[in-house]
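Only one structure is covered here, and it is reproduced in the block below.
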Amino acid sequence: MAPILDIKNLYKNYGSVEILKDINVAIEPGDFLVLVGPSGCGKSTLLNCIAGLEPITAGTIDIGGRDMTEVSPKDRDIAMVFQSYALYPTMSVAKNITFGMKVRGVDQATQEKKLNEVAQQLQIEPLLQRRPGQLSGGQRQRVAMGRALVRDPKLFLFDEPLSNLDAKLRVEMRSEIKKLHQNLNATMVYVTHDQIEAMTLATKIVVLKGGIVQQIGSPAEIYNTPANLFVADFMGSPAMNLIPARAKANGKGTQIEIERAGAAPLVLTDTHAKDLPEDVILGLRPEDIAEAGFRAGEDVQEADCLIDMVEPAGADTYVVSQLGGKQVTARLHAETNARSGENLSLAFDLSKVSYFAPESGERLN
Amino acid sequence: MTDITLSPANSPSRNWGRIALRWLLFTLLGLFALFYLMPLFVMVTTSLKSLEEIRTGSLVAFPREVTFEAWRTAWSGACTGIQCEGLRPYFWNSVILAIPAVAISTILGAINGYVIAQWKFKGANLIFSLMLFGCFIPFQVVLLPMARMLGMMGIAGTIPGLIFVHVIYGIGFTTLFFRNYYVSIPQELVKAAKVDGAGFFRIFWSIFLPLSLPIIVVTVIWQFTQIWNDFLFGVSFSQAGTQPVTVALNNIVNSTTGVKEYNVDMAAAIIAALPTLLVYVVAGKYFIRGLTAGSVKG
């Protein structure tokens with residue numbers, strides 16, 4: 001299938017400042033692309049470039065197989081939901097939703113029909129005659145989505161649409177957007193700084209930092225095999241443990257040695273890793289470190305560790321231990337007997353391990 | 001609950017103190033109001049007296065006999081130089097001068113402000129600063145160049161010429177008003193409308209103008225007051241027959257021969273000042289704040 005959105009070698013400068021550098025992204029119809037990164041990484045700028053609201057410095061943007069690089073926003077067959085919702089304050093909800101159709105000269109009957117469809121879909125029928133100022137945050141959010149839905153575009157663009165909602169509503173609207181995506185089989189591009197939103201919604205994630213793409217992949221790829229230290233640290237909560245270690249090749253594979261203050265080094269043996277440099281950073285997610293006996297597999301290795309802190313979180317209990325000069329978090333089952341200040345045997349699942357080069361931050365395995 | 005009933009703030013002595021303070025405040029404010037209303041009182045009462053009564057009575061006394069004779073004279077009979085038609089023709093000059101001048105300068109200011117605040121282009125800030133600078137050029141400085149320019153355009157001494165001068169001079173202020181109002185409207189509104197397919201004027205007309213009532217009222221009051229009350233441009237760029245009411249008022253007051261008709265002067269001054277008062281009273285109602293409140297964020 002031809003990609004519905006194809007961005008090639010996109011550069012964006014403001015004066016002499018490079019905001020976006022050599023962006024290449026393509027998505028298929030029905031994809032849910034999430035652009036994620038810390039604030040100031042250029043993700044909203046990229047979305048504005050896709051919408052045509054910001055001119056680009058170099059490169060091309062194809063939408064639906066047509067070169068749209070120079071085309072104005074209204075002719076790109078897109079709809080956009082903004083962070084502040086950007087509802088027209090003096091118009092009623094109904095007028096907000098039909099404004100686009102009115103501007104395009106769609107006849108009254110079709111306007112009515114589409115308005116009613118969308119209002120029903122989003123359950124905002126009782127609100128149609130109200131002004132945006134009379135709506136709650138969640139209702140405004142729905143109206144903003146209604147304004148996008150009614151257009152039936154090739155591409156939906158969302159610019160941090162949930163960031164103004166409170167935590168509970170955010171989770172609710174998140175699943176509603178996901179449902180909407182599945183029901184409509186629409187193609188969406190979604191900007192967020194929230195990595196959980198990215199993981200739950202996306203079929204494809206682009207991680208951006210400083211205007212440079214760090215990694216593109218499915219949520220599972222991004223989570224399990226982060227391309228560099230930044231992605232490893234940014235995606236996932238609590239963050240991936242990144243432990244400085246020394247690697248030595250031996251007969252069975254690679255011996256990994258982690259320094260410990262006041263104790264013998266922790267030694268693990270990875271039978272798969274090959275050709276590692278001597279200094280590496282070992283990345284292991286908290287859930288891949290369990291209490292001994294609770295995780296089985298040929299790559300699971302156990303070792304005694306001194307527990308510094310125990311944090312019960314209801315469903316799980318997190319324990320923290322000092323390894324390689326870093327606070328290393330392990331996610332244990334809730335009924336663990338771990339006590340702070342005591343030793344506990346932890347199981348390290350090396351089938352999930354990542355190695356990174358300390359200087360460049362690039363993934364090694 | 002108990003701590004409220006026991007609190008000293010509600011004890012009788014505290015209450016008396018508060019009431020006394022309130023009364024003091026109102027008395028003081030009342031005195032100030034009287035002080036400022038005094039001249040108006042003198043003007044109105046003097047205009048309702050006959051010349052005879054003015055000569056014999058006290059300045060601040062109520063008229064013994066109310067007569068509108070002075071008003072009639074001021075409106076249609078008082079002499080400005082050699083003509084004795086009263087203020088009426090000049091009043092209409094001012095009306096047909098002020099209305100288009102206010103309308104045109106407000107519309108241009110609204111469009112300028114919209115462009116500068118919402119359609120940022122290279123040099124937008126420079127242009128805005130230059131317009132702002134225009135607000136602070138003293139009138140006297142431009143008199144000669146403006147006279148020359150009006151002559152070259154062939155509208156010297158005409159009402160369109162005066163309208164032109166007031167529009168040019170007003171744009172700086174009106175642009176400033178509208179720009180500062182529109183700059184607080186989030187740019188995402190324009191973006192959303194662009195994605196919806198609306199163009200430059202459509203966005204202005206459908207989204208920005210309906211939001212602008214408070215600032216339009218402010219601008220109209222400001223511009224109307226400026227243009228109606230202007231004397232310098234009126235006296236410099238008009239001829240006999242095109243003079244605005246302020247110039248005629250000056251001529252009435254200054255060209256009396258023999259007895260000074262204070263009652264006519266007062267009536268004429270009130271007539272000349274009435275429209276600005278009226279605009280303020282009528283339009284002041286529409287100073288509605290917070291029209292955009294809650295339009296954007298939760």
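By convention here, the chains of the structure tokens are called A, B, ... in the order presented, each chain's residues are numbered starting at 1, and ligands are numbered starting at 1 in the order presented.
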
Practice task
Taking the DSSP assignment computed from this structure's backbone, write out as a PyMOL selection string all residues of stretch 178-344 of chain A that belong to alpha helix (DSSP H).
Solution key: chain A and resi 178-184+195-201+219-224+229-234

Exercise for the section: May I ask you to extract the residues of chain A within 7 Å of chain B, using only C-alpha atoms, and to give them as number ranges by chain? Expected result: A: 53, 73-74, 79, 84-90, 100, 103-104, 132-133, 136-137

Problem - In stretch 152-240 of chain A, DSSP strand (DSSP E or B) residues written as a PyMOL selection string - result: chain A and resi 155-159+188-192+204-209+212-217+228

Exercise for the section: Please provide the set of residues having any atom within 12 Å of B:Asn250, restricted to only C-alpha atoms, with same-chain residues fewer than 4 positions apart removed, written as a PyMOL selection string. Expected result: chain B and resi 78-81+86-87+90+229-232+234-235+243-246+254-256+265-266+268-269+272

Practice task
Identify which of the residues A:Lys274, A:Arg260, A:Arg339, A:Lys209 lies closest to A:Gln322, counting only C-alpha atoms when measuring atom-to-atom distances.
Solution key: A:Arg260

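In this model, the gap between atom CA of B:Met43 and atom CA of B:Ala267 comes to 7.5 Å.
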
Exercise for the section: Name the residues in contact with stretch 157-160 of chain A at a cut-off of 10 Å, using only C-alpha atoms, excluding same-chain residues fewer than 4 positions from it; report them as JSON, numbers by chain. Expected result: {"A": [33, 34, 35, 36, 43, 44, 45, 47, 48, 50, 51, 78, 79, 80, 81, 82, 83, 84, 85, 145, 148, 153, 164, 187, 188, 189, 190, 191, 192, 193, 194, 197]}

Those residues with C-alpha atoms, as a tab-separated table (two decimals), in the first residue's frame please?
```tsv
chain	number	residue	atom	x	y	z
A	33	LEU	CA	1.70	7.77	14.41
A	34	VAL	CA	2.80	9.39	17.66
A	35	LEU	CA	5.51	12.04	17.72
A	36	VAL	CA	6.98	12.04	21.18
A	43	LYS	CA	7.42	17.69	17.58
A	44	SER	CA	4.71	20.38	17.42
A	45	THR	CA	6.67	22.20	14.72
A	47	LEU	CA	2.99	18.64	13.06
A	48	ASN	CA	2.50	22.25	11.95
A	50	ILE	CA	2.56	18.52	8.05
A	51	ALA	CA	-0.53	20.73	8.36
A	78	ILE	CA	-6.38	17.23	6.88
A	79	ALA	CA	-8.14	18.10	10.13
A	80	MET	CA	-6.40	19.24	13.26
A	81	VAL	CA	-7.17	19.25	16.97
A	82	PHE	CA	-5.23	21.83	18.95
A	83	GLN	CA	-3.86	21.82	22.46
A	84	SER	CA	-6.01	24.79	23.47
A	85	TYR	CA	-8.91	23.37	21.37
A	145	MET	CA	-12.70	16.45	17.90
A	148	ALA	CA	-12.12	17.42	12.97
A	153	PRO	CA	-10.12	13.96	6.14
A	164	ASN	CA	-5.15	20.52	29.43
A	187	THR	CA	-4.97	7.70	9.91
A	188	MET	CA	-3.77	9.88	12.74
A	189	VAL	CA	-0.68	11.81	13.66
A	190	TYR	CA	-0.51	12.65	17.34
A	191	VAL	CA	1.94	14.82	19.25
A	192	THR	CA	2.57	14.29	22.94
A	193	HIS	CA	5.30	14.60	25.53
A	194	ASP	CA	3.70	11.84	27.58
A	197	GLU	CA	0.08	8.18	25.85
```

Practice task
Can you work out which one of B:Arg18, B:Ala70, B:Asn125, B:Ile221 has the shortest atom-to-atom distance to B:Val281, counting only C-alpha atoms?
Solution key: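 Going through B:Arg18, B:Ala70, B:Asn125, B:Ile221 one by one, the smallest distance to B:Val281 is for B:Ile221.
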
Practice task
Please measure the separation of atom CA of A:Leu268 and atom CA of A:Ile256, giving the value in Å to one decimal.
Solution key: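 Taking atom CA of A:Leu268 and atom CA of A:Ile256, their separation equals 5.1 Å.
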
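When the distance limit is 9 Å and only C-alpha atoms are what count, the residues near B:Val102, minus those fewer than 6 positions from it on the same chain, are B:Ile163, B:His166, B:Val167, B:Gly170, B:Thr219, B:Val220, B:Gln223, B:Phe224, B:Ile227.
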
With N, CA and C atoms retained, export the selected residues as a PDB file, in the first residue's frame.
```
ATOM      1  N   ILE B 163     -11.311  64.901   6.697  1.00  0.00           N
ATOM      2  CA  ILE B 163     -11.487  63.478   7.007  1.00  0.00           C
ATOM      3  C   ILE B 163     -10.161  62.752   6.799  1.00  0.00           C
ATOM      4  N   HIS B 166      -7.702  63.420   9.603  1.00  0.00           N
ATOM      5  CA  HIS B 166      -8.049  62.738  10.851  1.00  0.00           C
ATOM      6  C   HIS B 166      -7.841  61.230  10.748  1.00  0.00           C
ATOM      7  N   VAL B 167      -8.124  60.669   9.578  1.00  0.00           N
ATOM      8  CA  VAL B 167      -7.906  59.223   9.396  1.00  0.00           C
ATOM      9  C   VAL B 167      -6.414  58.919   9.540  1.00  0.00           C
ATOM     10  N   GLY B 170      -5.386  59.248  13.028  1.00  0.00           N
ATOM     11  CA  GLY B 170      -6.024  58.288  13.932  1.00  0.00           C
ATOM     12  C   GLY B 170      -5.498  56.872  13.806  1.00  0.00           C
ATOM     13  N   THR B 219     -12.420  52.219  20.848  1.00  0.00           N
ATOM     14  CA  THR B 219     -11.815  52.963  19.746  1.00  0.00           C
ATOM     15  C   THR B 219     -12.750  54.055  19.236  1.00  0.00           C
ATOM     16  N   VAL B 220     -14.029  53.709  19.106  1.00  0.00           N
ATOM     17  CA  VAL B 220     -14.979  54.700  18.593  1.00  0.00           C
ATOM     18  C   VAL B 220     -15.083  55.876  19.562  1.00  0.00           C
ATOM     19  N   GLN B 223     -11.782  57.914  19.228  1.00  0.00           N
ATOM     20  CA  GLN B 223     -11.650  58.612  17.957  1.00  0.00           C
ATOM     21  C   GLN B 223     -12.689  59.722  17.830  1.00  0.00           C
ATOM     22  N   PHE B 224     -13.921  59.425  18.240  1.00  0.00           N
ATOM     23  CA  PHE B 224     -14.970  60.429  18.120  1.00  0.00           C
ATOM     24  C   PHE B 224     -14.635  61.648  18.975  1.00  0.00           C
ATOM     25  N   ILE B 227     -11.750  63.606  17.297  1.00  0.00           N
ATOM     26  CA  ILE B 227     -12.073  64.279  16.040  1.00  0.00           C
ATOM     27  C   ILE B 227     -13.103  65.390  16.272  1.00  0.00           C
TER      28      ILE B 227
END
```

Problem - Which of A:Leu350, A:Cys41, A:Cys305, A:Ile4 sits closest to A:Gln255 [using only C-alpha atoms] - result: A:Leu350

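For the choices A:Leu344, A:Met91, A:Ile196, A:Ala186, the atom-to-atom distance to A:Ala239 is smallest for A:Ile196 when using only C-alpha atoms.
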
Exercise for the section: Could you check how far atom CA of A:Lys113 sits from atom CA of A:Val93, in Å to one decimal? Expected result: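 Going from atom CA of A:Lys113 over to atom CA of A:Val93, I get 15.1 Å.
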